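Shown next: input_11.cif, given as mmCIF, C-alpha atoms and all ligand atoms.
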```cif
data_input
#
loop_
_atom_site.label_atom_id
_atom_site.label_comp_id
_atom_site.auth_asym_id
_atom_site.auth_seq_id
_atom_site.Cartn_x
_atom_site.Cartn_y
_atom_site.Cartn_z
CA MET A 64 -28.49 -12.80 -15.16
CA ILE A 65 -25.02 -12.59 -13.75
CA SER A 66 -22.64 -10.36 -15.66
CA ALA A 67 -19.84 -11.95 -17.62
CA VAL A 68 -17.44 -10.29 -15.20
CA LEU A 69 -18.05 -11.64 -11.68
CA PRO A 70 -19.90 -8.77 -10.01
CA THR A 71 -17.67 -8.35 -6.93
CA TYR A 72 -17.05 -4.65 -7.44
CA ASN A 73 -19.22 -1.60 -7.01
CA ARG A 74 -17.95 0.13 -10.13
CA ALA A 75 -18.24 3.73 -11.27
CA PRO A 76 -19.51 3.86 -14.86
CA MET A 77 -16.46 5.49 -16.48
CA ALA A 78 -14.02 3.46 -18.55
CA PHE A 79 -10.67 4.84 -19.58
CA THR A 80 -8.73 4.35 -22.76
CA HIS A 81 -5.61 6.43 -22.18
CA GLY A 82 -3.51 7.82 -19.37
CA LYS A 83 -0.72 10.33 -19.19
CA GLY A 84 0.77 11.58 -15.94
CA CYS A 85 -2.08 12.40 -13.55
CA TRP A 86 -4.71 12.43 -16.30
CA LEU A 87 -7.02 9.73 -17.59
CA THR A 88 -9.06 9.97 -20.77
CA ALA A 89 -12.45 8.25 -20.80
CA GLU A 90 -14.10 6.51 -23.76
CA ASP A 91 -16.09 9.66 -24.55
CA GLY A 92 -12.93 11.79 -24.58
CA THR A 93 -13.52 13.42 -21.17
CA ARG A 94 -10.30 13.98 -19.23
CA TYR A 95 -10.22 13.20 -15.51
CA LEU A 96 -7.66 14.35 -12.98
CA ASP A 97 -6.63 11.18 -11.18
CA LEU A 98 -5.93 11.48 -7.45
CA GLY A 99 -6.32 7.75 -6.89
CA SER A 100 -3.50 6.42 -9.08
CA GLY A 101 -5.03 2.96 -9.20
CA ILE A 102 -5.00 3.11 -5.39
CA ALA A 103 -1.35 4.14 -4.97
CA VAL A 104 -0.18 1.91 -7.79
CA ASN A 105 0.73 4.37 -10.55
CA ALA A 106 3.40 5.96 -8.37
CA LEU A 107 5.01 7.75 -11.32
CA GLY A 108 1.74 8.57 -13.08
CA HIS A 109 0.18 6.88 -16.08
CA CYS A 110 2.51 5.63 -18.82
CA PRO A 111 5.63 7.38 -17.52
CA PRO A 112 8.15 7.54 -20.40
CA GLU A 113 10.97 5.94 -18.38
CA LEU A 114 8.84 2.91 -17.58
CA VAL A 115 7.41 2.66 -21.09
CA GLU A 116 10.99 2.54 -22.34
CA THR A 117 12.06 -0.02 -19.73
CA ILE A 118 9.13 -2.35 -20.30
CA THR A 119 9.41 -2.10 -24.08
CA GLU A 120 13.10 -2.87 -24.00
CA GLN A 121 12.64 -5.83 -21.66
CA ALA A 122 9.61 -7.11 -23.61
CA GLN A 123 11.81 -7.46 -26.65
CA LYS A 124 14.38 -9.49 -24.72
CA LEU A 125 12.65 -11.81 -22.24
CA TRP A 126 9.31 -11.88 -20.40
CA HIS A 127 9.21 -14.98 -18.31
CA VAL A 128 11.48 -17.75 -17.23
CA SER A 129 10.93 -20.16 -14.39
CA ASN A 130 12.46 -19.65 -10.99
CA VAL A 131 14.13 -22.97 -11.75
CA TYR A 132 16.81 -20.68 -13.22
CA ARG A 133 18.72 -17.65 -12.02
CA ILE A 134 16.97 -14.43 -13.02
CA PRO A 135 19.46 -11.53 -13.21
CA GLU A 136 16.71 -8.86 -13.37
CA GLN A 137 15.32 -10.29 -10.12
CA GLU A 138 18.76 -10.31 -8.50
CA HIS A 139 19.29 -6.69 -9.52
CA LEU A 140 15.97 -5.58 -7.99
CA ALA A 141 16.70 -7.55 -4.81
CA ASP A 142 20.14 -5.90 -4.55
CA LEU A 143 18.57 -2.46 -4.91
CA LEU A 144 16.01 -3.17 -2.19
CA VAL A 145 18.59 -4.63 0.17
CA GLU A 146 20.90 -1.65 -0.39
CA ASN A 147 18.14 0.82 0.38
CA THR A 148 16.28 -0.80 3.28
CA PHE A 149 16.61 -2.70 6.57
CA ALA A 150 16.32 -5.96 4.64
CA ASP A 151 18.92 -8.60 3.86
CA THR A 152 16.80 -10.54 1.41
CA ALA A 153 13.73 -10.27 -0.85
CA PHE A 154 11.14 -12.62 -2.36
CA PHE A 155 9.04 -11.40 -5.27
CA THR A 156 5.32 -11.84 -5.71
CA ASN A 157 2.68 -10.46 -8.08
CA SER A 158 0.53 -8.75 -5.48
CA GLY A 159 0.24 -7.52 -1.94
CA THR A 160 -1.92 -10.46 -0.94
CA GLU A 161 0.74 -12.93 -1.95
CA ALA A 162 3.25 -10.90 0.03
CA ALA A 163 0.97 -11.21 3.07
CA GLU A 164 0.82 -14.98 2.66
CA LEU A 165 4.59 -15.27 2.66
CA ALA A 166 4.99 -12.85 5.57
CA ILE A 167 2.67 -15.04 7.65
CA LYS A 168 4.37 -18.26 6.55
CA MET A 169 7.84 -16.84 7.18
CA ALA A 170 6.95 -15.74 10.71
CA ARG A 171 5.45 -19.11 11.61
CA LYS A 172 8.40 -20.98 10.07
CA TYR A 173 10.88 -18.86 12.01
CA HIS A 174 9.46 -19.97 15.35
CA TYR A 175 8.93 -23.54 14.17
CA ASP A 176 12.60 -23.82 13.26
CA LEU A 177 13.60 -22.47 16.67
CA GLY A 178 11.86 -25.55 18.08
CA THR A 179 9.16 -23.48 19.78
CA PRO A 180 6.27 -23.16 17.31
CA ARG A 181 4.12 -20.07 17.85
CA GLU A 182 0.73 -19.66 16.26
CA GLU A 183 -0.68 -16.35 17.35
CA ILE A 184 -0.36 -13.33 15.07
CA ILE A 185 -1.65 -10.01 16.35
CA ALA A 186 -3.30 -7.64 13.86
CA PHE A 187 -5.38 -4.48 14.22
CA ASP A 188 -8.89 -3.21 13.67
CA GLY A 189 -9.36 -1.51 10.34
CA ALA A 190 -6.43 -3.38 8.83
CA PHE A 191 -6.29 -4.51 5.24
CA HIS A 192 -3.74 -7.08 4.16
CA GLY A 193 -5.39 -8.52 1.06
CA ARG A 194 -8.13 -10.99 0.13
CA SER A 195 -6.65 -14.45 0.52
CA THR A 196 -8.05 -16.63 3.28
CA GLY A 197 -4.97 -15.84 5.36
CA ALA A 198 -5.10 -12.10 4.76
CA ILE A 199 -8.82 -11.83 5.60
CA ALA A 200 -8.30 -13.88 8.74
CA ALA A 201 -5.56 -11.44 9.73
CA ALA A 202 -7.72 -8.36 9.18
CA GLY A 203 -10.72 -10.11 10.69
CA SER A 204 -13.44 -7.64 9.72
CA GLU A 205 -16.90 -9.08 9.22
CA LYS A 206 -17.15 -7.30 5.87
CA MET A 207 -14.27 -9.34 4.48
CA THR A 208 -14.68 -12.64 6.32
CA LYS A 209 -18.45 -13.26 6.43
CA GLY A 210 -19.39 -16.51 4.72
CA TYR A 211 -15.84 -17.69 4.23
CA GLY A 212 -15.32 -19.69 7.38
CA PRO A 213 -13.68 -21.57 8.85
CA LEU A 214 -11.02 -18.89 8.86
CA MET A 215 -7.34 -19.61 9.22
CA PRO A 216 -6.81 -19.82 12.98
CA GLY A 217 -4.24 -17.98 15.03
CA PHE A 218 -5.12 -14.32 14.49
CA LYS A 219 -6.20 -11.83 17.08
CA GLN A 220 -7.29 -8.25 16.35
CA LEU A 221 -6.61 -5.37 18.70
CA PRO A 222 -7.84 -1.77 18.60
CA PHE A 223 -5.61 0.33 16.34
CA GLY A 224 -3.25 2.53 18.36
CA ASP A 225 -4.17 1.13 21.80
CA HIS A 226 -0.77 0.46 23.33
CA GLU A 227 -2.18 -0.82 26.62
CA ALA A 228 -4.28 -3.45 24.83
CA LEU A 229 -1.18 -4.55 22.97
CA LYS A 230 0.88 -4.75 26.12
CA THR A 231 -1.77 -7.00 27.67
CA ALA A 232 -2.19 -9.18 24.59
CA ILE A 233 1.40 -9.79 23.56
CA SER A 234 3.21 -12.68 25.23
CA ASP A 235 5.96 -15.19 24.73
CA LYS A 236 3.44 -17.15 22.67
CA THR A 237 3.06 -14.35 20.12
CA CYS A 238 4.46 -15.34 16.76
CA ALA A 239 4.28 -11.90 15.12
CA VAL A 240 2.55 -8.57 15.02
CA ILE A 241 1.38 -7.33 11.62
CA ILE A 242 0.55 -3.68 11.07
CA GLU A 243 0.28 -0.98 8.42
CA PRO A 244 2.28 2.04 9.67
CA ILE A 245 -0.45 4.07 7.97
CA GLN A 246 -3.72 2.26 7.32
CA GLY A 247 -4.91 2.78 3.77
CA GLU A 248 -8.30 1.09 3.37
CA GLY A 249 -8.88 1.76 7.07
CA GLY A 250 -9.03 5.51 6.37
CA ILE A 251 -5.48 6.92 6.23
CA ARG A 252 -4.98 6.27 9.92
CA THR A 253 -1.41 6.91 11.01
CA MET A 254 0.25 4.92 13.75
CA PRO A 255 2.15 7.54 15.77
CA ASP A 256 5.96 7.16 15.73
CA ALA A 257 6.02 6.55 19.48
CA CYS A 258 3.56 3.65 19.07
CA LEU A 259 5.66 2.04 16.36
CA LYS A 260 8.69 2.34 18.64
CA GLY A 261 6.74 0.86 21.54
CA LEU A 262 5.56 -1.94 19.30
CA ARG A 263 9.14 -2.71 18.27
CA ASP A 264 10.21 -2.84 21.92
CA LEU A 265 7.34 -5.14 22.89
CA CYS A 266 8.13 -7.50 20.02
CA ASP A 267 11.79 -7.61 21.03
CA GLN A 268 10.89 -8.23 24.66
CA HIS A 269 8.75 -11.23 23.72
CA GLY A 270 10.73 -12.60 20.81
CA ALA A 271 7.86 -11.88 18.40
CA LEU A 272 8.53 -10.80 14.83
CA LEU A 273 7.31 -7.42 13.63
CA ILE A 274 5.72 -7.35 10.19
CA PHE A 275 5.05 -4.03 8.49
CA ASP A 276 2.54 -3.98 5.67
CA GLU A 277 3.80 -1.13 3.50
CA VAL A 278 1.88 -2.23 0.42
CA GLN A 279 0.08 1.11 0.27
CA CYS A 280 2.20 3.48 2.40
CA GLY A 281 5.57 2.38 1.02
CA MET A 282 7.56 3.20 -2.10
CA GLY A 283 7.97 6.92 -1.51
CA ARG A 284 4.29 7.55 -0.79
CA THR A 285 4.97 9.31 2.53
CA GLY A 286 8.08 11.16 1.38
CA ARG A 287 10.53 8.50 2.57
CA LEU A 288 11.16 5.28 0.68
CA PHE A 289 9.18 3.47 3.39
CA ALA A 290 6.85 5.03 5.94
CA HIS A 291 8.48 3.35 8.95
CA GLU A 292 11.69 5.29 8.28
CA TRP A 293 10.00 8.37 9.78
CA ALA A 294 9.69 6.56 13.11
CA GLY A 295 13.24 5.25 13.08
CA VAL A 296 12.17 1.66 13.66
CA ALA A 297 12.59 -1.26 11.32
CA PRO A 298 10.47 -4.40 11.01
CA ASP A 299 11.74 -7.96 10.71
CA ILE A 300 9.53 -8.63 7.69
CA MET A 301 7.86 -6.17 5.33
CA MET A 302 5.27 -6.50 2.58
CA VAL A 303 5.60 -4.31 -0.48
CA ALA A 304 3.46 -4.10 -3.64
CA LYS A 305 1.30 -1.44 -5.36
CA GLY A 306 3.72 1.41 -6.14
CA ILE A 307 6.77 -0.80 -6.66
CA GLY A 308 5.57 -1.90 -10.10
CA GLY A 309 4.39 1.55 -11.14
CA GLY A 310 1.34 -0.21 -12.62
CA PHE A 311 2.87 -3.58 -13.43
CA PRO A 312 1.72 -6.32 -11.01
CA LEU A 313 4.64 -6.74 -8.65
CA GLY A 314 5.06 -7.31 -4.94
CA ALA A 315 7.79 -8.32 -2.55
CA VAL A 316 8.51 -9.55 0.92
CA LEU A 317 11.63 -8.01 2.43
CA ALA A 318 13.16 -9.54 5.51
CA THR A 319 16.18 -9.66 7.74
CA GLU A 320 18.42 -12.67 7.48
CA LYS A 321 17.29 -13.78 10.92
CA ALA A 322 13.56 -13.64 10.15
CA ALA A 323 14.05 -15.38 6.81
CA LYS A 324 16.17 -18.18 8.23
CA GLY A 325 13.51 -20.84 7.81
CA MET A 326 12.84 -20.10 4.15
CA THR A 327 15.16 -22.62 2.56
CA ALA A 328 14.97 -24.22 -0.88
CA GLY A 329 11.56 -25.77 -1.49
CA THR A 330 9.72 -24.00 1.35
CA HIS A 331 7.97 -21.40 -0.84
CA GLY A 332 7.65 -20.46 -4.48
CA SER A 333 5.74 -18.70 -7.23
CA THR A 334 5.44 -19.27 -10.96
CA TYR A 335 5.23 -15.64 -12.01
CA GLY A 336 6.82 -13.99 -9.00
CA GLY A 337 10.08 -12.28 -9.88
CA ASN A 338 9.70 -12.57 -13.66
CA PRO A 339 12.17 -10.55 -15.77
CA LEU A 340 9.53 -8.15 -17.12
CA GLY A 341 8.14 -7.17 -13.72
CA CYS A 342 11.57 -6.97 -12.10
CA ALA A 343 13.01 -4.78 -14.86
CA VAL A 344 10.14 -2.33 -14.33
CA GLY A 345 10.43 -2.60 -10.55
CA ALA A 346 14.14 -1.86 -10.61
CA LYS A 347 13.51 1.29 -12.67
CA VAL A 348 10.83 2.42 -10.21
CA VAL A 349 13.12 1.80 -7.24
CA GLU A 350 16.00 3.65 -8.93
CA ILE A 351 13.79 6.67 -9.54
CA ILE A 352 12.12 6.77 -6.13
CA THR A 353 15.29 6.22 -4.07
CA ASP A 354 16.88 9.34 -5.56
CA PRO A 355 17.01 11.79 -2.62
CA ALA A 356 16.09 14.65 -4.96
CA PHE A 357 12.92 12.76 -5.98
CA LEU A 358 11.90 12.16 -2.38
CA SER A 359 12.55 15.74 -1.36
CA GLU A 360 10.27 16.82 -4.23
CA VAL A 361 7.58 14.47 -2.90
CA ASN A 362 7.82 16.23 0.46
CA ARG A 363 7.70 19.69 -1.09
CA LYS A 364 4.67 18.78 -3.21
CA ALA A 365 3.01 17.16 -0.21
CA ALA A 366 3.42 20.32 1.88
CA LEU A 367 1.97 22.40 -0.94
CA PHE A 368 -1.00 20.08 -1.40
CA ARG A 369 -1.64 19.76 2.31
CA GLN A 370 -1.64 23.51 2.85
CA GLY A 371 -4.27 23.86 0.14
CA LEU A 372 -6.33 21.05 1.66
CA GLU A 373 -6.28 22.71 5.08
CA GLY A 374 -7.72 25.79 3.38
CA LEU A 375 -10.45 23.68 1.79
CA VAL A 376 -11.39 22.16 5.13
CA ALA A 377 -11.67 25.66 6.62
CA ALA A 378 -13.77 26.84 3.66
CA HIS A 379 -16.13 23.84 3.64
CA PRO A 380 -16.76 22.76 7.24
CA LYS A 381 -20.04 21.08 6.25
CA VAL A 382 -18.24 18.77 3.82
CA PHE A 383 -14.74 18.26 5.24
CA ASP A 384 -13.67 17.71 8.81
CA SER A 385 -9.89 17.46 8.62
CA VAL A 386 -6.80 16.46 6.66
CA ARG A 387 -4.84 13.37 7.64
CA GLY A 388 -1.93 11.29 6.45
CA GLN A 389 1.65 11.91 5.51
CA GLY A 390 3.42 12.91 2.32
CA LEU A 391 1.21 12.18 -0.66
CA MET A 392 -0.79 9.59 1.26
CA LEU A 393 -3.51 12.03 2.22
CA GLY A 394 -7.02 11.66 3.46
CA LEU A 395 -9.88 14.07 3.88
CA LYS A 396 -12.06 13.05 6.77
CA CYS A 397 -15.52 14.03 5.61
CA VAL A 398 -18.57 15.38 7.37
CA ALA A 399 -20.82 14.62 4.41
CA PRO A 400 -20.92 10.93 3.41
CA ASN A 401 -17.57 10.21 1.74
CA THR A 402 -19.19 8.32 -1.13
CA ASP A 403 -21.26 11.43 -1.95
CA VAL A 404 -18.04 13.44 -2.09
CA VAL A 405 -16.34 10.91 -4.37
CA LYS A 406 -19.39 10.95 -6.66
CA ALA A 407 -19.54 14.74 -6.70
CA GLY A 408 -15.86 14.64 -7.65
CA TYR A 409 -16.74 12.60 -10.74
CA GLY A 410 -19.00 15.50 -11.70
CA GLN A 411 -15.92 17.75 -11.62
CA ASN A 412 -13.89 15.18 -13.61
CA LEU A 413 -11.89 14.40 -10.52
CA LEU A 414 -11.04 10.92 -9.25
CA THR A 415 -10.61 10.22 -5.54
CA VAL A 416 -11.04 6.98 -3.61
CA ALA A 417 -13.24 6.31 -0.60
CA ALA A 418 -11.87 4.60 2.50
CA SER A 419 -13.30 3.52 5.85
CA ASP A 420 -13.88 6.04 8.64
CA ASN A 421 -15.73 8.35 6.20
CA VAL A 422 -12.50 9.39 4.49
CA ILE A 423 -11.66 10.11 0.88
CA ARG A 424 -8.14 9.23 -0.16
CA LEU A 425 -5.89 11.47 -2.21
CA LEU A 426 -3.02 9.39 -3.56
CA PRO A 427 -1.72 11.28 -6.58
CA ALA A 428 1.30 10.27 -8.61
CA LEU A 429 4.41 11.07 -6.58
CA ASN A 430 5.65 13.28 -9.41
CA ILE A 431 2.40 15.24 -9.75
CA PRO A 432 3.22 18.62 -11.30
CA ASP A 433 2.48 21.68 -9.17
CA VAL A 434 -0.06 22.86 -11.72
CA ASP A 435 -1.99 19.63 -11.27
CA ILE A 436 -1.96 20.11 -7.49
CA ALA A 437 -3.47 23.57 -8.06
CA GLU A 438 -6.05 22.06 -10.42
CA ALA A 439 -6.85 19.32 -7.91
CA LEU A 440 -7.51 21.91 -5.21
CA LYS A 441 -9.75 23.87 -7.57
CA ARG A 442 -11.75 20.78 -8.45
CA LEU A 443 -11.99 19.66 -4.81
CA ASP A 444 -13.32 23.12 -4.00
CA ALA A 445 -15.93 22.80 -6.75
CA THR A 446 -16.72 19.28 -5.54
CA ALA A 447 -17.37 20.54 -2.01
CA THR A 448 -19.55 23.36 -3.36
CA ALA A 449 -21.58 20.79 -5.31
CA VAL A 450 -22.02 18.65 -2.18
CA GLU A 451 -23.18 21.75 -0.24
CA ALA A 452 -25.75 22.72 -2.87
CA PRO A 453 -29.27 21.96 -1.62
C1 LIG B 1 -3.78 -3.24 -1.46
C2 LIG B 1 -3.24 -3.72 -0.19
C3 LIG B 1 -2.96 -5.08 0.03
C4 LIG B 1 -3.30 -6.15 -0.98
O1 LIG B 1 -2.62 -5.99 -2.17
P1 LIG B 1 -3.18 -6.69 -3.50
O2 LIG B 1 -2.12 -6.34 -4.51
O3 LIG B 1 -4.51 -6.11 -3.78
O4 LIG B 1 -3.22 -8.14 -3.26
C5 LIG B 1 -2.38 -5.45 1.23
N1 LIG B 1 -2.10 -4.54 2.16
C6 LIG B 1 -2.35 -3.23 2.00
C7 LIG B 1 -1.98 -2.27 3.07
C8 LIG B 1 -2.93 -2.78 0.83
O5 LIG B 1 -3.22 -1.48 0.67
#
```

The structure given in the file should be rewritten as structure tokens.
Ligand SMILES: *Cc1c(COP(=O)(O)O)cnc(C)c1O
Amino acid sequence: MISAVLPTYNRAPMAFTHGKGCWLTAEDGTRYLDLGSGIAVNALGHCPPELVETITEQAQKLWHVSNVYRIPEQEHLADLLVENTFADTAFFTNSGTEAAELAIKMARKYHYDLGTPREEIIAFDGAFHGRSTGAIAAAGSEKMTKGYGPLMPGFKQLPFGDHEALKTAISDKTCAVIIEPIQGEGGIRTMPDACLKGLRDLCDQHGALLIFDEVQCGMGRTGRLFAHEWAGVAPDIMMVAKGIGGGFPLGAVLATEKAAKGMTAGTHGSTYGGNPLGCAVGAKVVEIITDPAFLSEVNRKAALFRQGLEGLVAAHPKVFDSVRGQGLMLGLKCVAPNTDVVKAGYGQNLLTVAASDNVIRLLPALNIPDVDIAEALKRLDATATAVEAP
């Protein structure tokens, strides 16, 4: 008999009742060190006091009003994002998938309004942009699309990081290129800075819009507010979600004025998107993460963690192959099957997340205390030892 909850997930058996910082407490009282953070969602850890205060305060004032009205909390969050990024404007959603939908619509509308409609959007192998019909068509993998056809037309996938293939594929018919500066689900695969620059140039040459999907790699995860800042190139449109709500469902599309030109009154909307509760929390998260002192701490912690991980790789060559990623968006490329490593981690009360390319992801809270980094390394060491045991 089918379970009451639609069985679309391969779930681990633990269930948690409480969280504090980087720690989760299971129903049986066992405490787990959480290096997954709800897949880069709990950017400030579980139940951070500042956000508990913000959400409680806002919950006593106003939760939801329709976008029929002005929403000052939404305007405040938009102002913060515009002040701190390439963007001139922001639209709020409840998820990354919804952000992907708008990014695609915005790009198509831009060209349509120029009087030269363009259909083709270039995406990359290993990409993940969400689970809507549009987002799965963009990513194109069989795993996500099988059985759901006909897919939304107009997408083309290229090998990740193959500049020559891109140069051949892009043309004056290309509507947009969509890419994660660091692939998350794809296995913490980083697009080199030079490739992002080259991509920007190609888009400019052909009048195509550049869409960055920073749903996972954004919001301070790499040690800058957004990952693309490291490369010194800006997109025309960017998708944000996960970390921006600190655990509250919130997403956004940020865009330049030029790219957003077609999005006039009535062309897009959302019932929940940009509600006062989510935006109050989001604004607090953005205020905290944009503090240069906070980001420099992320980089210091990341260097500390990474150094320890390099040591682990050297100590356990039969389990780990290498460390990858940037900031606190880290991956351990495994030699042993990554799912075995994740499972062995559960045995050490340690939570990590598997990704493609035989990688386990380490996405701790951005404010992870140094002692928890040390504890994480200890438990990863014990995890590797357990995997090695005959
Ligand atoms: C998680 C993710 C999404 C989808 O976000 P949802 O909130 O699950 O809809 C899109 N893009 C990337 C890069 C992601 O990691």

>> Please list, as a ChimeraX atom specification, the residues that have an atom at most 12 Å away from (-13.0, -10.2, 7.6) in the coordinates of this file, counting only C-alpha atoms.
In response: /A:186-215,218-220

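You will find CA of Ile233 (chain A) at 16.5 Å from CA of Phe275 (chain A).
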
>> Tell me which residues come within 6 Å of (-0.2, 7.8, 3.9), as a count of residues only, counting all atoms listed in the file in the file's coordinates.
In response: 8

> When you draw a straight line from CA of Gly314 (chain A) to atom C3 of ligand LIG 1 (chain B), how long is it in Å?
Replying inline: 9.7 Å

> If you count only C-alpha atoms, which residues fall within 8 Å of region 298-310 of chain A, apart from same-chain ones fewer than 6 positions away, as a PyMOL selection string?
Replying inline: chain A and resi 101-109+114+149-150+157-159+162-163+166+263+272-279+281-282+316-319+322+341+344-345+348-349

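Nearest-residue note for Val115 (chain A): choosing from A:His269, A:Lys347, A:His291, A:Lys441, the minimum distance belongs to A:Lys347, counting only C-alpha atoms.
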
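As for CA of Ala290 (chain A) and CA of Pro244 (chain A), they are spaced 6.6 Å apart.
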